[in-house]
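**Student:** Have a look at the structure that comes next, please.
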Amino acid sequence: MYVDVIKKRQGGKIYKSFLIRESYKEKGKVKHRTIANISRLPAAHIAQIKTILSGEGGFLPHDEIELSNSREYGASAAFLELGRKLGLEKLLYSRGNEWRNDLMAMIAGRIVFQGSKLHLSNLFNDTALWELCGHNPGVNVNVEKHCYKPMDKLLMRQEFIQSQLAKKHLDDGCLILYDMTNTWMEGEYKYSELVDYGLGKGGKKGYKQIAIGLIANKQGCPVAVEVFNGRTSDQATVKDQAERLAKTYGVRKVVFAGDRGMLTPKRLDEVNNLGFKTLTALTHPQIGSLLEKDVIQPELFDEKGIAEVRDPDNPEIRYMLCKNLFTMEKERETRNSLIAKVSSELEKIAAVRKKRVKKKVCARIGALLSKYKIGKFFEWSVSRDGRVKWSLNEELVEREEALDGCYIIRTDVSSESMNAEEAVAGYKSLAGVEKAFRNLKTVSLEIRPVHHKTDDRIRSHVFLCMLAYYIQWHATEKLVPLFESDGSNADRRWSFQIVVERLKSIRKTNLAIKGIKVASKTTSLDAEQRRILDLLEVKIM
């Protein structure tokens, strides 16, 4: 038996029929008869039948099998599935449609690939992400239609989505974390009301920026984000964010936690007027004021325990006095190093005996003290002929050293609702928001550089990154057993980025015989990949 190909030309087209035929002899003549017409079978099946009948080998001869178009599959599938299990897909929109699928692709893609939307759309041949979200495999994704337009839809639904996240993760009486950060921008933003010069954080100067405020629950799970003008100060946003919690999200009687310097006395009153309690830390000047009033004494700070003091003018306000030995040593070492540098430079300036212009000498000393920011510890003078006298205020240094490593947590929450240990732990949980900012800005989600030039697209981009972090935060919580079983220092193996890479190595590959696609196969899971997926509680096969 063999497969015979019958060609027929009709209307300028050639049509093929595939017949299984056999040869036989009748009265000494060789004849042929048709056993079956297999024209309607898939081309791959026909090729396999031809191989078998020709006697060339087994059902899938190794030398005929081709592996092609290997694409990332595991990470995209895992985070898409986790997002769906978290209810994020239905929060984007209650009914399935193309733009909702595109948004899920961009959210999961932010975790797996980062980069611009154009970069993500151009990965259509390298990842199964777009295919998993309803697109034909190997077909270029139009960035305007499938990225930018869905982002506009997302922005329209931001308040609804955030209100639903607030209902899910915030309860009356809970602790709410709020913090601000800035992220720098590059390029021209001629018509933007958000992008502006401001006081950059992290030492980035000379760039325009935007300000970002993030609301999270006590555990650090992100709930809402807002973009502000780049020159907006942290404390200027507090009232609006507290009102949003109370009026838009309907949260009542919560404890509003903010970093030191953000919750100024005026902002504390504004938050209290909404029925909220507050939790923050005192600035160094505020600690100094309490010392001057004799409300607290340096000896109350103890690294072994927390001392609690009531404000004599307002007994509802409690101060938790704490001390960190590591911070104490670090602050002392830094101060001593700076004092030594400045002292050395002042010695050089004072050693000059020739006559100098007083103004120039003063300017030089002023620049020196401004550079190292410890001018308060030095007393100095310059004579008319430029002679310098200086001394170190040892008493002031000793007073400062007494407060090294000391910090004070301030709250108006009653001790029955939150004891001293809980108050300190609650304030320290603000580190969860700082961790969110690190992930959003640099570590894994790379919110910058921002490639969008309009304010609405900038807002939508930041919100999309927050939703990606929402999935990542839950994934990290589920992966705690993996991280806790890890080694330490040089023996440490696992990080969230390594988890992503391990999942990315689960690939989908096309199988073909003689150039004809037979099927798509996904690589088998190894033990590590299986454990990761089990911890994430997702199935991708």
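Residue numbers start at 1 in each chain; chains themselves are named A, B, ... in the order of the structure tokens; ligands are numbered from 1 in the order shown.
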Based on DSSP run over this structure's backbone, return all residues of range 25-269 of chain A in alpha helix (DSSP H), as number ranges by chain.
**Tutor:** A: 43-53, 74-85, 88-92, 98-112, 117-121, 129-132, 143, 149-156, 158-169, 238-243, 265-269
**Student:** With only C-alpha atoms as the basis for distance, which of A:Asp102, A:Asp302, A:Asp172, A:Asp269 is at the shortest distance from Val143 in chain A?
**Tutor:** A:Asp102
**Student:** Excluding same-chain residues fewer than 5 positions from Ser505 in chain A, what lies within 10 Å of it counting only C-alpha atoms, as a list in words?
**Tutor:**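 The filter keeps Arg71, Glu72, Tyr73, Gly74, Ala75, Val500, Thr523, Leu525 and Gln529 of chain A.
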**Student:** Output as a list in words all residues of range 399-445 of chain A that backbone DSSP marks as strand (DSSP E or B).
**Tutor:**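 After running DSSP on the backbone, range 399-445 of chain A has strand (DSSP E or B) at Cys406, Tyr407, Ile408, Ile409, Arg410 and Thr411 of chain A.
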